[in-house]
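Take a look at the structure set out below.
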Amino acid sequence: MAEPETPKAVPAARSDRSPWNWLLVIPIVLPVLTPLFNHDSPRLWGFPAFYWLQFLFILVGVATTSLIYQMTKKR
Amino acid sequence: MSDHVTEIVVFTLLFLLVSGMGFVAARWRAPQNMEHLDEWGLGGRSFGGWITWFLVGGDLYTAYTFVAVPALIFGAGAAGFFAVPYTIVIYPLFFLILIRLWSVSHRHGFVTPADFVRTRFGSPTLALLVAITGIVATMPYIALQLVGIEAVLKTMGVTGESVIARHAPIIIAFAILAAYTYQSGLRAPALIAFVKDTLIYIVILVAVIYLPYKLGGWGSIFDAAQAKFDASPAPGDGITLNANNQVQYITLALGSALALFLYPHSITGVLASKNRNVIKRNMSALPAYSFLLGLLALLGYAAIASGVKPITDPATGKVDSNTVVPLLFDMQFPAWFAGVAFAAIGIGALVPAAIMSIAAANLFTRNIYKEYLRKDASPAQEARVSKITSLVVKVGAVACIVFLDPQFSIDLQLIGGIIILQTAPAVALGLFTRWLHRGGLIAGWAVGMGLSMWMLWQIPNAATGRAHFGGSAFPLSDFGFDTKRTIYVGFVTVILNLLVAVIVTLILRAAKTPDGVDGTTRDDYFADEGDPRIDRDVAATVDHTSST
C-alpha cells in the first residue's frame, strides 16, 4: 500500500478509523426505539413526551456528531 | 382575490428580489472561466461551512416538506412526525460515507454518483442504471416543489378557470428560475438559500411563539388534535403511535434517511464543498433544520386547533390537504406577515428545484452524453450540454404539473424515494468495499426495482379511493403474517436487493466471471483539499496509482 516513490509524500496510510466513530450508533439507534418514547406523559410545556423527547434526540445527535468532529479533526 | 392584495404584493416583491439575486449570482465568487462543469454545476467546488450549510439545508428541506409534513400531521397525527427521527438519523448515518465520497470525487473529478460507480466498478452499464434511477427519481421531486408553490397560490386566491390561467403564475416563476439557473448554475441557489432560510427561520420562530399564545398553549393544541383523532374512525391516527404503525414509523424513518443522501441533488450540494472538514462540521450543524422541521410539522396540530378546513379544488372537487399551513397563516396572521410566510415557502421551492435540475442535468451530461454520445466532449461542451438539459428538465417538471394530476407527481415521488434506495449497495457500500461483483449489483438493482413496483402496486389508498400506488406502507399480512402491522416498502426491497447482490456475487466469483477494473486506490478515499487531482495532472499521477 505504501508509495515511498511518490514525491509529494502524502502520509502513506491515511485513515478515518477512530474509536470515537462508535458514538455515531447512539443517534442512529435512539430515534428508532419507539417503545421508549411513544407516550403522552410526562408532558413538558404542553408537549407530550413523544414530541419533546424526539426534539431532545436532535440535540443528542448534534452533541455526538460535534464531539466526534472535534475529536477526529485533522490538525 | 381582492382581500389577498397585501399578501400578493409582499409575495411578488420578495420573489422578484431573489430572482434578481439569482442573476447576479453568476458574478458571486466568480471564476476565471464559467465554461466548465465544475464551475456551473458545482460552484467551483469551493463552498465553505456557511454556504454549504445553507445550500445543503435549502436542498434537503424543501417547500414540499414544509407543506406536506404538517399536512400529514393534520390528517394522521403522530405517524407524520416520522420526518423528525428521519432527519435525526441521516447525519450520523452519512457522517463517514460522505467524506469518503467527497474525497474520491475530488481526486477523480467526479460530478455525479454514477461517475463514481463507473470508475469504482469499471461498469458503464451499472453507472447508466444509477444515472437513470437518479434522473427518474429527481424529476417528480422537482414537480413537487411546484405543488408547494401552488398550495400557496391557491390560498392567496390566485387561481383561474382554464388550465393556462390556473398555472400561469407557476409557469412564469419557473421561466425566471430556468433563466437564472442557466446563467449562474449552482451559485444561484447557493446565494438564494440565504434569503430563503432567513425568511423561514423568522416565520417559524414567530409562529411557534405566537400561535400557542393565541390558541391557549401547546397543551390545548395537542388536546384539540387528540379530540379530533378520537372522533375519527381511521385506525392509524392519534397523537401517539399505536401497535399497527410503529414498524412503519421506524422503517420509514430509516429508509427515507438512507435514501436522502443518495439523491443526486444532495450529493451535488456535498461535492460543492471545499474540503472534508466542511462536510463533517455540517453533519453536526445541519440538524438545526430538523428542529425547524419538527416545529413546522406541529403547525399541523395548530391548524386543527384553529379549525382550518383545507381548500377544495372547485374544478376537481378534491380536497387539497397541502393548503393547511398556508391557510393557517392566512387565518391567524396579519396579511403582510402571511405574505412573508408564503414567500418563504415559494422561495423555498426555488432553491431545491434549481439544485435538482442541475443534478439531473449533470447526470445526463456525464453518464449518458459523454459516455455514449460523445466520448471526447471538452469541459466547455459538457457545461453547455448541462445548461441546456437543465432547461429541458424544468420544462418537463412544469408539464407534469400542468398536464397531469399533481397527485400523480406525489405518487411518482413516493416511488422515487424507493427506487433511489436501490442504488445504495453500489453507491454507499461501494465507498467501503469492492467485494460485490458488478453483475451482482446489477442483479440486485433489478430484483429490488421489480419487487418495489409489485409492492407499491398492491397498496390501495383509502382516502382517495385509488387501488394502486396509494402509499408506502405495505401490510405485512400480504406476506402471510397474521398481523395488521405495515412496513415501509423501500426498507424491504433494499434488503432483498443486497441479498441478491451477495448471492449473485458468490455465484459469479465461483464461475470466475471477470470483474471490472477498479479505477480508484485506497488513498483516494482520504484525499483532502490541496491533494492532487487525477483528471487535472493526468499522466504523472495515473502512473503512480496504477501500480498499487
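Residue numbering restarts at 1 for every chain of the C-alpha cells, chains are lettered A, B, ... in their displayed order, and ligands are numbered from 1 as they appear.
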
- Excluding range 326-332 of chain B and any residue of its chain fewer than 3 positions from it, enumerate the residues within 10 Å of it, using only C-alpha atoms, and give them as a PyMOL selection string. chain B and resi 4+7+67+148+151-156+203+207+210-211+214-215+299-300+302-304+306-311+322-323+335-342+345

- Message: Need the shell around Ala63 in chain A: protein/DNA/RNA residues with any atom at most 12 Å away, counting only C-alpha atoms. Skip same-chain ones fewer than 2 positions apart. Format as a list in words?
- Response: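 Contacts, with the query itself left out: Leu23, Leu24, Ile26, Pro27, Leu56, Phe57, Ile58, Leu59, Val60, Gly61, Thr65, Ser66, Leu67, Ile68, Tyr69 and Gln70 of chain A; Ile88, Tyr91, Pro92, Arg281, Met283, Ser284, Ala285, Pro287 and Ala288 of chain B.
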
Serialized selection, N, CA and C atoms, as a PDB file, in the first residue's frame:
ATOM      1  N   LEU A  23     -19.572   6.271  18.591  1.00  0.00           N
ATOM      2  CA  LEU A  23     -20.621   7.089  19.204  1.00  0.00           C
ATOM      3  C   LEU A  23     -21.758   7.375  18.219  1.00  0.00           C
ATOM      4  N   LEU A  24     -21.467   7.286  16.930  1.00  0.00           N
ATOM      5  CA  LEU A  24     -22.490   7.565  15.920  1.00  0.00           C
ATOM      6  C   LEU A  24     -23.685   6.619  16.072  1.00  0.00           C
ATOM      7  N   ILE A  26     -25.293   5.861  18.679  1.00  0.00           N
ATOM      8  CA  ILE A  26     -26.324   6.374  19.603  1.00  0.00           C
ATOM      9  C   ILE A  26     -27.410   7.155  18.866  1.00  0.00           C
ATOM     10  N   PRO A  27     -27.065   8.230  18.126  1.00  0.00           N
ATOM     11  CA  PRO A  27     -28.150   8.974  17.470  1.00  0.00           C
ATOM     12  C   PRO A  27     -28.805   8.220  16.327  1.00  0.00           C
ATOM     13  N   LEU A  56     -35.487  16.356  21.801  1.00  0.00           N
ATOM     14  CA  LEU A  56     -34.278  16.171  22.604  1.00  0.00           C
ATOM     15  C   LEU A  56     -33.252  15.315  21.848  1.00  0.00           C
ATOM     16  N   PHE A  57     -33.742  14.315  21.112  1.00  0.00           N
ATOM     17  CA  PHE A  57     -32.839  13.451  20.352  1.00  0.00           C
ATOM     18  C   PHE A  57     -32.065  14.237  19.289  1.00  0.00           C
ATOM     19  N   ILE A  58     -32.687  15.322  18.787  1.00  0.00           N
ATOM     20  CA  ILE A  58     -31.956  16.157  17.830  1.00  0.00           C
ATOM     21  C   ILE A  58     -30.703  16.692  18.514  1.00  0.00           C
ATOM     22  N   LEU A  59     -30.872  17.163  19.759  1.00  0.00           N
ATOM     23  CA  LEU A  59     -29.718  17.682  20.494  1.00  0.00           C
ATOM     24  C   LEU A  59     -28.687  16.581  20.754  1.00  0.00           C
ATOM     25  N   VAL A  60     -29.152  15.368  21.044  1.00  0.00           N
ATOM     26  CA  VAL A  60     -28.224  14.247  21.235  1.00  0.00           C
ATOM     27  C   VAL A  60     -27.409  14.034  19.954  1.00  0.00           C
ATOM     28  N   GLY A  61     -28.098  14.094  18.809  1.00  0.00           N
ATOM     29  CA  GLY A  61     -27.419  13.926  17.524  1.00  0.00           C
ATOM     30  C   GLY A  61     -26.371  15.008  17.308  1.00  0.00           C
ATOM     31  N   THR A  65     -22.295  14.161  17.060  1.00  0.00           N
ATOM     32  CA  THR A  65     -21.526  14.440  15.836  1.00  0.00           C
ATOM     33  C   THR A  65     -20.518  15.566  16.072  1.00  0.00           C
ATOM     34  N   SER A  66     -20.881  16.561  16.879  1.00  0.00           N
ATOM     35  CA  SER A  66     -19.927  17.644  17.167  1.00  0.00           C
ATOM     36  C   SER A  66     -18.713  17.098  17.908  1.00  0.00           C
ATOM     37  N   LEU A  67     -18.971  16.243  18.894  1.00  0.00           N
ATOM     38  CA  LEU A  67     -17.879  15.666  19.674  1.00  0.00           C
ATOM     39  C   LEU A  67     -16.939  14.873  18.756  1.00  0.00           C
ATOM     40  N   ILE A  68     -17.534  14.043  17.893  1.00  0.00           N
ATOM     41  CA  ILE A  68     -16.714  13.227  17.003  1.00  0.00           C
ATOM     42  C   ILE A  68     -15.921  14.113  16.043  1.00  0.00           C
ATOM     43  N   TYR A  69     -16.571  15.151  15.551  1.00  0.00           N
ATOM     44  CA  TYR A  69     -15.866  16.066  14.651  1.00  0.00           C
ATOM     45  C   TYR A  69     -14.654  16.675  15.345  1.00  0.00           C
ATOM     46  N   GLN A  70     -14.847  17.154  16.579  1.00  0.00           N
ATOM     47  CA  GLN A  70     -13.742  17.779  17.309  1.00  0.00           C
ATOM     48  C   GLN A  70     -12.619  16.776  17.579  1.00  0.00           C
TER      49      GLN A  70
ATOM     50  N   ILE B  88     -33.050  13.129  11.991  1.00  0.00           N
ATOM     51  CA  ILE B  88     -32.010  12.986  13.017  1.00  0.00           C
ATOM     52  C   ILE B  88     -31.007  11.934  12.561  1.00  0.00           C
ATOM     53  N   TYR B  91     -27.746  12.270   9.558  1.00  0.00           N
ATOM     54  CA  TYR B  91     -26.393  12.829   9.669  1.00  0.00           C
ATOM     55  C   TYR B  91     -25.386  11.862  10.274  1.00  0.00           C
ATOM     56  N   PRO B  92     -25.713  11.196  11.408  1.00  0.00           N
ATOM     57  CA  PRO B  92     -24.753  10.193  11.868  1.00  0.00           C
ATOM     58  C   PRO B  92     -24.598   9.036  10.875  1.00  0.00           C
ATOM     59  N   ARG B 281     -18.297  19.174   9.704  1.00  0.00           N
ATOM     60  CA  ARG B 281     -18.883  20.192  10.574  1.00  0.00           C
ATOM     61  C   ARG B 281     -20.370  20.347  10.271  1.00  0.00           C
ATOM     62  N   MET B 283     -22.398  18.085   9.211  1.00  0.00           N
ATOM     63  CA  MET B 283     -23.181  16.950   9.701  1.00  0.00           C
ATOM     64  C   MET B 283     -23.655  17.211  11.134  1.00  0.00           C
ATOM     65  N   SER B 284     -22.938  18.063  11.879  1.00  0.00           N
ATOM     66  CA  SER B 284     -23.422  18.385  13.219  1.00  0.00           C
ATOM     67  C   SER B 284     -24.216  19.691  13.246  1.00  0.00           C
ATOM     68  N   ALA B 285     -24.059  20.530  12.225  1.00  0.00           N
ATOM     69  CA  ALA B 285     -24.785  21.810  12.222  1.00  0.00           C
ATOM     70  C   ALA B 285     -26.129  21.701  11.514  1.00  0.00           C
ATOM     71  N   PRO B 287     -28.580  19.559  11.669  1.00  0.00           N
ATOM     72  CA  PRO B 287     -29.802  19.232  12.425  1.00  0.00           C
ATOM     73  C   PRO B 287     -30.562  20.446  12.942  1.00  0.00           C
ATOM     74  N   ALA B 288     -29.966  21.625  12.911  1.00  0.00           N
ATOM     75  CA  ALA B 288     -30.729  22.821  13.277  1.00  0.00           C
ATOM     76  C   ALA B 288     -32.004  22.888  12.441  1.00  0.00           C
TER      77      ALA B 288
END

- One residue among A:Leu53, A:Met71, A:Leu36, A:Val62 is nearest to chain B when using only C-alpha atoms, and that residue is A:Val62

- Item | Residue among B:Leu55, B:Ala193, B:Leu42, B:Leu126 lying closest to Val427 in chain B, counting only C-alpha atoms |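 Using only C-alpha atoms, the shortest distance to Val427 in chain B belongs to B:Leu126.
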
- Task: Give me the residues within 9 Å of Ile410 in chain B as number ranges by chain, counting only C-alpha atoms and dropping any in the same chain fewer than 4 places off.
- Result: B: 140-141, 143-144, 147, 406, 414-415
